[in-house]
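Asker: What follows is upload16.cif, mmCIF, C-alpha atoms, pLDDT in the B column; chains and numbers go by the auth columns.
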data_protein
#
loop_
_atom_site.group_PDB
_atom_site.id
_atom_site.type_symbol
_atom_site.label_atom_id
_atom_site.label_comp_id
_atom_site.label_asym_id
_atom_site.label_seq_id
_atom_site.Cartn_x
_atom_site.Cartn_y
_atom_site.Cartn_z
_atom_site.B_iso_or_equiv
_atom_site.auth_seq_id
_atom_site.auth_asym_id
ATOM 1 C CA MET A 1 19.748 29.591 -5.217 42.00 1 A
ATOM 2 C CA GLN A 2 22.683 31.748 -4.265 40.00 2 A
ATOM 3 C CA GLY A 3 24.342 31.316 -7.661 42.00 3 A
ATOM 4 C CA GLN A 4 22.994 29.428 -10.609 42.00 4 A
ATOM 5 C CA ARG A 5 25.286 26.445 -10.734 43.00 5 A
ATOM 6 C CA LEU A 6 25.674 24.430 -13.927 40.00 6 A
ATOM 7 C CA VAL A 7 26.309 20.752 -13.709 42.00 7 A
ATOM 8 C CA LEU A 8 27.570 18.222 -16.218 41.00 8 A
ATOM 9 C CA VAL A 9 25.294 15.244 -15.911 46.00 9 A
ATOM 10 C CA GLU A 10 24.965 11.794 -17.380 46.00 10 A
ATOM 11 C CA LEU A 11 21.972 10.103 -15.841 48.00 11 A
ATOM 12 C CA ALA A 12 19.471 7.461 -16.781 45.00 12 A
ATOM 13 C CA GLY A 13 16.752 10.038 -17.103 49.00 13 A
ATOM 14 C CA LEU A 14 18.361 13.454 -17.762 49.00 14 A
ATOM 15 C CA GLY A 15 19.979 15.108 -20.732 45.00 15 A
ATOM 16 C CA GLY A 16 19.312 14.413 -24.393 42.00 16 A
ATOM 17 C CA GLY A 17 16.301 13.140 -26.206 39.00 17 A
ATOM 18 C CA GLY A 18 14.004 10.200 -26.160 38.00 18 A
ATOM 19 C CA GLU A 19 12.344 8.798 -23.081 41.00 19 A
ATOM 20 C CA GLY A 20 13.667 10.141 -19.821 43.00 20 A
ATOM 21 C CA MET A 21 16.784 12.247 -19.897 44.00 21 A
ATOM 22 C CA SER A 22 19.735 10.151 -21.061 44.00 22 A
ATOM 23 C CA GLY A 23 22.907 11.692 -22.402 46.00 23 A
ATOM 24 C CA VAL A 24 25.410 14.264 -21.222 45.00 24 A
ATOM 25 C CA ALA A 25 24.445 17.884 -20.777 55.00 25 A
ATOM 26 C CA GLU A 26 25.584 21.004 -18.959 70.00 26 A
ATOM 27 C CA ARG A 27 22.494 22.630 -17.516 76.00 27 A
ATOM 28 C CA PRO A 28 21.391 24.604 -14.455 83.00 28 A
ATOM 29 C CA VAL A 29 20.897 22.413 -11.407 87.00 29 A
ATOM 30 C CA ALA A 30 17.460 23.876 -10.627 88.00 30 A
ATOM 31 C CA GLU A 31 16.302 23.024 -14.171 89.00 31 A
ATOM 32 C CA LEU A 32 17.535 19.444 -13.894 90.00 32 A
ATOM 33 C CA LEU A 33 15.909 18.984 -10.485 92.00 33 A
ATOM 34 C CA ALA A 34 12.628 20.346 -11.888 92.00 34 A
ATOM 35 C CA GLU A 35 12.762 17.705 -14.630 92.00 35 A
ATOM 36 C CA LEU A 36 13.348 14.980 -12.048 92.00 36 A
ATOM 37 C CA TYR A 37 10.515 16.287 -9.865 93.00 37 A
ATOM 38 C CA ALA A 38 8.179 16.208 -12.886 93.00 38 A
ATOM 39 C CA ARG A 39 8.705 12.420 -13.045 92.00 39 A
ATOM 40 C CA VAL A 40 7.124 11.956 -9.593 91.00 40 A
ATOM 41 C CA PRO A 41 3.356 11.435 -9.712 91.00 41 A
ATOM 42 C CA ASP A 42 1.424 13.979 -7.625 88.00 42 A
ATOM 43 C CA ALA A 43 0.130 12.221 -4.507 88.00 43 A
ATOM 44 C CA GLY A 44 -2.636 14.793 -3.997 84.00 44 A
ATOM 45 C CA CYS A 45 -1.410 15.830 -0.553 84.00 45 A
ATOM 46 C CA ARG A 46 -4.187 16.936 1.807 85.00 46 A
ATOM 47 C CA GLY A 47 -1.774 18.115 4.498 82.00 47 A
ATOM 48 C CA LEU A 48 -2.627 15.387 6.996 85.00 48 A
ATOM 49 C CA CYS A 49 0.875 13.941 7.409 82.00 49 A
ATOM 50 C CA SER A 50 2.670 16.760 9.216 82.00 50 A
ATOM 51 C CA GLY A 51 3.389 14.353 12.089 82.00 51 A
ATOM 52 C CA PHE A 52 5.653 12.434 9.694 82.00 52 A
ATOM 53 C CA CYS A 53 7.558 15.529 8.528 84.00 53 A
ATOM 54 C CA GLU A 54 10.959 15.501 10.175 82.00 54 A
ATOM 55 C CA PRO A 55 14.430 16.678 9.160 80.00 55 A
ATOM 56 C CA VAL A 56 15.541 14.728 6.081 80.00 56 A
ATOM 57 C CA VAL A 57 18.746 14.145 4.169 80.00 57 A
ATOM 58 C CA MET A 58 18.773 16.036 0.868 85.00 58 A
ATOM 59 C CA SER A 59 21.287 17.344 -1.628 87.00 59 A
ATOM 60 C CA PRO A 60 22.918 20.718 -1.018 89.00 60 A
ATOM 61 C CA ALA A 61 21.134 22.183 -4.060 91.00 61 A
ATOM 62 C CA GLU A 62 17.752 20.998 -2.758 91.00 62 A
ATOM 63 C CA ARG A 63 18.571 22.432 0.666 91.00 63 A
ATOM 64 C CA ASP A 64 19.415 25.809 -0.913 91.00 64 A
ATOM 65 C CA LEU A 65 16.214 25.848 -2.987 92.00 65 A
ATOM 66 C CA LEU A 66 14.090 24.912 0.031 92.00 66 A
ATOM 67 C CA ALA A 67 15.776 27.503 2.260 92.00 67 A
ATOM 68 C CA GLU A 68 15.238 30.206 -0.357 92.00 68 A
ATOM 69 C CA ALA A 69 11.564 29.304 -0.809 92.00 69 A
ATOM 70 C CA SER A 70 10.774 28.954 2.884 91.00 70 A
ATOM 71 C CA GLY A 71 13.060 31.573 4.418 91.00 71 A
ATOM 72 C CA VAL A 72 14.316 28.936 6.871 89.00 72 A
ATOM 73 C CA THR A 73 18.035 28.265 7.274 84.00 73 A
ATOM 74 C CA LEU A 74 18.532 24.514 7.098 82.00 74 A
ATOM 75 C CA PRO A 75 21.559 22.716 8.550 74.00 75 A
ATOM 76 C CA VAL A 76 23.862 20.871 6.139 71.00 76 A
ATOM 77 C CA VAL A 77 23.268 17.660 8.058 64.00 77 A
ATOM 78 C CA PRO A 78 20.204 17.469 10.275 59.00 78 A
ATOM 79 C CA ALA A 79 21.255 17.580 13.927 56.00 79 A
ATOM 80 C CA THR A 80 18.494 15.089 14.586 57.00 80 A
ATOM 81 C CA THR A 81 16.176 12.977 12.495 61.00 81 A
ATOM 82 C CA SER A 82 13.361 13.302 14.973 66.00 82 A
ATOM 83 C CA GLY A 83 11.067 16.154 15.785 75.00 83 A
ATOM 84 C CA ALA A 84 9.272 18.411 13.356 81.00 84 A
ATOM 85 C CA CYS A 85 10.782 19.578 10.108 85.00 85 A
ATOM 86 C CA PRO A 86 11.966 23.181 10.541 87.00 86 A
ATOM 87 C CA VAL A 87 10.057 24.182 7.387 89.00 87 A
ATOM 88 C CA LEU A 88 6.639 23.196 8.814 88.00 88 A
ATOM 89 C CA THR A 89 4.410 26.171 9.542 88.00 89 A
ATOM 90 C CA ASP A 90 2.446 26.626 12.771 86.00 90 A
ATOM 91 C CA GLY A 91 -0.556 25.275 10.858 86.00 91 A
ATOM 92 C CA GLY A 92 1.267 22.024 10.090 84.00 92 A
ATOM 93 C CA ARG A 93 1.771 22.762 6.383 87.00 93 A
ATOM 94 C CA CYS A 94 5.037 22.791 4.428 88.00 94 A
ATOM 95 C CA GLY A 95 6.411 26.316 4.250 90.00 95 A
ATOM 96 C CA GLY A 96 8.380 25.430 1.114 90.00 96 A
ATOM 97 C CA TYR A 97 6.017 22.965 -0.578 89.00 97 A
ATOM 98 C CA ARG A 98 6.862 23.984 -4.163 90.00 98 A
ATOM 99 C CA ALA A 99 10.594 23.644 -3.444 92.00 99 A
ATOM 100 C CA ARG A 100 10.473 20.489 -1.297 90.00 100 A
ATOM 101 C CA PRO A 101 13.249 17.936 -1.914 92.00 101 A
ATOM 102 C CA MET A 102 12.853 14.611 -3.707 91.00 102 A
ATOM 103 C CA VAL A 103 12.375 12.565 -0.519 87.00 103 A
ATOM 104 C CA CYS A 104 9.349 14.705 0.386 90.00 104 A
ATOM 105 C CA ARG A 105 7.959 14.549 -3.169 91.00 105 A
ATOM 106 C CA VAL A 106 7.968 10.747 -3.277 90.00 106 A
ATOM 107 C CA TRP A 107 6.064 10.514 0.049 88.00 107 A
ATOM 108 C CA GLY A 108 2.663 9.135 -0.908 88.00 108 A
ATOM 109 C CA ALA A 109 3.810 8.446 -4.484 89.00 109 A
ATOM 110 C CA ALA A 110 5.969 5.369 -3.769 87.00 110 A
ATOM 111 C CA GLU A 111 4.890 1.912 -2.586 83.00 111 A
ATOM 112 C CA ALA A 112 7.509 1.994 0.154 81.00 112 A
ATOM 113 C CA MET A 113 6.440 5.462 1.309 83.00 113 A
ATOM 114 C CA ALA A 114 2.661 5.235 1.091 83.00 114 A
ATOM 115 C CA CYS A 115 0.689 7.953 2.844 86.00 115 A
ATOM 116 C CA PRO A 116 -1.070 6.587 5.937 87.00 116 A
ATOM 117 C CA HIS A 117 -4.005 8.930 5.218 88.00 117 A
ATOM 118 C CA GLY A 118 -4.625 7.551 1.737 86.00 118 A
ATOM 119 C CA CYS A 119 -3.160 10.339 -0.395 86.00 119 A
ATOM 120 C CA ARG A 120 -1.902 8.751 -3.598 86.00 120 A
ATOM 121 C CA PRO A 121 -1.568 9.584 -7.279 89.00 121 A
ATOM 122 C CA ALA A 122 -4.990 9.801 -8.909 85.00 122 A
ATOM 123 C CA SER A 123 -4.081 8.336 -12.276 77.00 123 A
ATOM 124 C CA ALA A 124 -0.685 6.720 -11.816 72.00 124 A
ATOM 125 C CA GLU A 125 0.628 3.631 -10.125 83.00 125 A
ATOM 126 C CA LEU A 126 2.788 4.061 -7.067 87.00 126 A
ATOM 127 C CA LEU A 127 6.532 4.130 -7.709 86.00 127 A
ATOM 128 C CA GLY A 128 8.304 0.836 -7.024 85.00 128 A
ATOM 129 C CA ASP A 129 11.667 0.445 -5.258 82.00 129 A
ATOM 130 C CA ARG A 130 13.649 0.761 -8.506 83.00 130 A
ATOM 131 C CA GLU A 131 11.947 4.015 -9.531 86.00 131 A
ATOM 132 C CA LEU A 132 12.259 5.364 -5.978 85.00 132 A
ATOM 133 C CA LEU A 133 15.967 4.532 -5.867 84.00 133 A
ATOM 134 C CA GLU A 134 16.679 6.004 -9.321 86.00 134 A
ATOM 135 C CA LEU A 135 14.875 9.258 -8.544 88.00 135 A
ATOM 136 C CA MET A 136 16.583 9.664 -5.181 86.00 136 A
ATOM 137 C CA LEU A 137 20.058 8.890 -6.541 86.00 137 A
ATOM 138 C CA ASP A 138 19.510 11.149 -9.568 89.00 138 A
ATOM 139 C CA SER A 139 18.471 14.008 -7.268 89.00 139 A
ATOM 140 C CA PHE A 140 21.631 13.450 -5.203 87.00 140 A
ATOM 141 C CA THR A 141 23.807 13.318 -8.331 88.00 141 A
ATOM 142 C CA VAL A 142 22.333 16.529 -9.742 87.00 142 A
ATOM 143 C CA GLY A 143 22.150 18.326 -6.400 87.00 143 A
ATOM 144 C CA GLY A 144 25.660 17.489 -5.241 84.00 144 A
ATOM 145 C CA GLY A 145 25.296 14.994 -2.428 76.00 145 A
ATOM 146 C CA PRO A 146 24.628 14.193 0.378 73.00 146 A
ATOM 147 C CA TRP A 147 27.094 11.336 -0.127 76.00 147 A
ATOM 148 C CA PRO A 148 30.305 11.188 -2.174 78.00 148 A
ATOM 149 C CA ALA A 149 29.800 10.467 -5.885 81.00 149 A
ATOM 150 C CA GLU A 150 31.586 7.124 -5.508 84.00 150 A
ATOM 151 C CA GLN A 151 29.046 5.972 -2.928 83.00 151 A
ATOM 152 C CA ILE A 152 26.134 7.003 -5.160 82.00 152 A
ATOM 153 C CA THR A 153 27.740 5.168 -8.102 84.00 153 A
ATOM 154 C CA ALA A 154 28.224 2.066 -5.944 84.00 154 A
ATOM 155 C CA MET A 155 24.555 2.174 -4.924 81.00 155 A
ATOM 156 C CA ARG A 156 23.571 2.376 -8.614 82.00 156 A
ATOM 157 C CA HIS A 157 25.687 -0.712 -9.402 82.00 157 A
ATOM 158 C CA LEU A 158 24.374 -2.642 -6.397 82.00 158 A
ATOM 159 C CA SER A 159 20.774 -1.801 -7.331 79.00 159 A
ATOM 160 C CA ALA A 160 21.149 -4.086 -10.367 81.00 160 A
ATOM 161 C CA ARG A 161 21.017 -6.991 -7.923 81.00 161 A
ATOM 162 C CA PRO A 162 17.339 -7.766 -7.244 81.00 162 A
ATOM 163 C CA ASP A 163 18.168 -9.083 -3.766 83.00 163 A
ATOM 164 C CA LEU A 164 19.792 -5.762 -2.765 79.00 164 A
ATOM 165 C CA LEU A 165 17.288 -3.366 -4.321 76.00 165 A
ATOM 166 C CA PRO A 166 14.854 -3.385 -1.362 76.00 166 A
ATOM 167 C CA VAL A 167 17.733 -2.842 1.090 76.00 167 A
ATOM 168 C CA LEU A 168 19.070 0.151 -0.865 73.00 168 A
ATOM 169 C CA ALA A 169 15.594 1.656 -1.152 69.00 169 A
ATOM 170 C CA ALA A 170 15.140 1.207 2.616 71.00 170 A
ATOM 171 C CA ILE A 171 18.381 3.095 3.259 68.00 171 A
ATOM 172 C CA LEU A 172 17.202 6.007 1.126 61.00 172 A
ATOM 173 C CA ARG A 173 13.765 6.273 2.708 57.00 173 A
ATOM 174 C CA ALA A 174 14.936 5.893 6.331 55.00 174 A
ATOM 175 C CA PRO A 175 15.457 9.019 8.442 48.00 175 A
ATOM 176 C CA GLY A 176 19.026 10.241 8.123 43.00 176 A
ATOM 177 C CA GLY A 177 19.702 7.826 5.257 42.00 177 A
ATOM 178 C CA LYS A 178 20.306 4.921 7.627 38.00 178 A
ATOM 179 C CA PRO A 179 18.346 1.657 7.508 38.00 179 A
ATOM 180 C CA SER A 180 15.635 1.408 10.111 41.00 180 A
ATOM 181 C CA SER A 181 16.006 -1.352 12.666 39.00 181 A
#
Could you spell out this file's structure in structure tokens?
Answerer:
Amino acid sequence: MQGQRLVLVELAGLGGGGEGMSGVAERPVAELLAELYARVPDAGCRGLCSGFCEPVVMSPAERDLLAEASGVTLPVVPATTSGACPVLTDGGRCGGYRARPMVCRVWGAAEAMACPHGCRPASAELLGDRELLELMLDSFTVGGGPWPAEQITAMRHLSARPDLLPVLAAILRAPGGKPSS
């Protein structure tokens, strides 16, 4: 990233000791994102889903990491949520696979984002809506967006309602962060 930014975080899974990463800590953003990414089971991608790879909403820190890894300048907000992802190579593979954002990492690893070609974690269950939502919101909190902190906090509070959890997860997994119709 252009400058190593430190962030003060207090998240359900990041920071101190014990299970997950609870507590408050000031740590480099890239380090915190790496810890979040490690919580996503590897879906064993075989590179068959390039037709589903389109511009996605991600945090500014994730955008910077992906741009650095791929050499592609990414817009702050995708101009469109259709068409091919600008990081896809001519061969249909991700040009920044190791630095891909959370939304790309959970593809194939979450029930709501199952791979249509059957890629899935070999030894782990698929992530449910709650895990998907927590990982996405944590990546936005650590990475600085894409929504205001108050909106992310409101989504966390609303996710405690079982009737709203599927709706919130649908918003996060939809292109552009908008619910699909």
Asker: Which of these, A:Cys49, A:Ile152, A:Met102, A:Leu168, has the shortest distance to Leu33 of chain A once you count all atoms listed in the file?
Answerer: A:Met102
Asker: Return the single residue from A:Pro41, A:Pro55, A:Pro166, A:Gly95 that is closest to Ala112 of chain A, with distances computed using only C-alpha atoms.
Answerer: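 Ranked by minimum distance to Ala112 of chain A, first place goes to A:Pro166.
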Asker: In Å to one decimal, how far is atom CA of Cys104 of chain A from atom CA of Ala30 of chain A?
Answerer: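 Straight-line distance from atom CA of Ala30 of chain A to atom CA of Cys104 of chain A works out to 16.5 Å.
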Asker: Might you spell out which residues the PyMOL selection byres ((chain A and resi 32) around 9) would select in the displayed file, as an mmCIF file with C-alpha atoms, in the coordinates of the input?
Answerer:
data_model
loop_
_atom_site.group_PDB
_atom_site.id
_atom_site.type_symbol
_atom_site.label_atom_id
_atom_site.label_comp_id
_atom_site.auth_asym_id
_atom_site.auth_seq_id
_atom_site.Cartn_x
_atom_site.Cartn_y
_atom_site.Cartn_z
ATOM 1 C CA VAL A 7 26.309 20.752 -13.709
ATOM 2 C CA LEU A 14 18.361 13.454 -17.762
ATOM 3 C CA GLY A 15 19.979 15.108 -20.732
ATOM 4 C CA ARG A 27 22.494 22.630 -17.516
ATOM 5 C CA PRO A 28 21.391 24.604 -14.455
ATOM 6 C CA VAL A 29 20.897 22.413 -11.407
ATOM 7 C CA ALA A 30 17.460 23.876 -10.627
ATOM 8 C CA GLU A 31 16.302 23.024 -14.171
ATOM 9 C CA LEU A 33 15.909 18.984 -10.485
ATOM 10 C CA ALA A 34 12.628 20.346 -11.888
ATOM 11 C CA GLU A 35 12.762 17.705 -14.630
ATOM 12 C CA LEU A 36 13.348 14.980 -12.048
ATOM 13 C CA TYR A 37 10.515 16.287 -9.865
ATOM 14 C CA SER A 139 18.471 14.008 -7.268
ATOM 15 C CA VAL A 142 22.333 16.529 -9.742
ATOM 16 C CA GLY A 143 22.150 18.326 -6.400
#
Asker: Out of A:Ala124, A:Leu48, A:Cys85, A:Ala160, which residue has the shortest atom-to-atom distance to Leu66 of chain A when counting all atoms listed in the file?
Answerer: A:Cys85
Asker: Quick one: everything within 6 Å of Ser59 of chain A, counting only C-alpha atoms, minus sequence neighbours fewer than 6 positions away in the same chain. Send it as a VMD selection string.
Answerer: chain A and resid 140 143 to 146
Asker: Residue by residue, what does the PyMOL selection byres ((chain A and resi 94) around 12) grab here? Present the result as a compact mmCIF listing (two decimals) with C-alpha atoms, in the coordinates of the input.
Answerer:
# COMPACT_ATOMS: atom_id res chain seq x y z
CA CYS A 45 -1.41 15.83 -0.55
CA ARG A 46 -4.19 16.94 1.81
CA GLY A 47 -1.77 18.11 4.50
CA LEU A 48 -2.63 15.39 7.00
CA CYS A 49 0.88 13.94 7.41
CA SER A 50 2.67 16.76 9.22
CA GLY A 51 3.39 14.35 12.09
CA PHE A 52 5.65 12.43 9.69
CA CYS A 53 7.56 15.53 8.53
CA GLU A 54 10.96 15.50 10.18
CA LEU A 66 14.09 24.91 0.03
CA ALA A 67 15.78 27.50 2.26
CA ALA A 69 11.56 29.30 -0.81
CA SER A 70 10.77 28.95 2.88
CA GLY A 71 13.06 31.57 4.42
CA VAL A 72 14.32 28.94 6.87
CA ALA A 84 9.27 18.41 13.36
CA CYS A 85 10.78 19.58 10.11
CA PRO A 86 11.97 23.18 10.54
CA VAL A 87 10.06 24.18 7.39
CA LEU A 88 6.64 23.20 8.81
CA THR A 89 4.41 26.17 9.54
CA ASP A 90 2.45 26.63 12.77
CA GLY A 91 -0.56 25.28 10.86
CA GLY A 92 1.27 22.02 10.09
CA ARG A 93 1.77 22.76 6.38
CA GLY A 95 6.41 26.32 4.25
CA GLY A 96 8.38 25.43 1.11
CA TYR A 97 6.02 22.96 -0.58
CA ARG A 98 6.86 23.98 -4.16
CA ALA A 99 10.59 23.64 -3.44
CA ARG A 100 10.47 20.49 -1.30
CA PRO A 101 13.25 17.94 -1.91
CA CYS A 104 9.35 14.70 0.39
CA ARG A 105 7.96 14.55 -3.17
Asker: Compare A:Arg39, A:Met155, A:Val103, A:Ala110 by their minimum atom-to-atom distance to Val57 of chain A, counting only C-alpha atoms, and give me the closest one.
Answerer: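 Closest candidate: A:Val103.
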Asker: Centre and edge lengths of an axis-aligned box around all listed atoms of segment 29-39 of chain A, with 4 Å added on each side, are to be given in Å to one decimal, as JSON.
Answerer:
{"center_x": 14.5, "center_y": 18.1, "center_z": -12.2, "size_x": 20.7, "size_y": 19.5, "size_z": 12.8}
Asker: To one decimal place, how far is atom CA of Glu150 of chain A from atom CA of Ala38 of chain A in Å?
Answerer: 26.2 Å
Asker: For the file shown, what are the residues hit by the PyMOL selection byres ((chain A and resi 130-134) around 8), laid out as a list in words?
Answerer: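 Output of the PyMOL selection byres ((chain A and resi 130-134) around 8): Val106, Ala110, Leu127, Gly128, Asp129, Leu135, Met136, Leu137, Asp138, Arg156, Ser159, Leu165, Leu168, Ala169 and Leu172 of chain A.
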Asker: Pick the closest to Gly44 of chain A from A:Val56, A:Ala122, A:Ala61, A:Leu74: which is it, counting all atoms listed in the file?
Answerer: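 Comparing A:Val56, A:Ala122, A:Ala61, A:Leu74 against Gly44 of chain A, the winner is A:Ala122.
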Asker: Choose the residue, out of A:Ala109, A:Gly83, A:Arg120, A:Thr141, that has the smallest atom-to-atom separation from Pro60 of chain A; count all atoms listed in the file.
Answerer: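 The answer is A:Thr141, which sits nearest to Pro60 of chain A.
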Asker: Just how far from atom CA of Met58 of chain A is atom CA of Ala114 of chain A, in Å to one decimal?
Answerer: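 Separation of atom CA of Ala114 of chain A and atom CA of Met58 of chain A: 19.4 Å.
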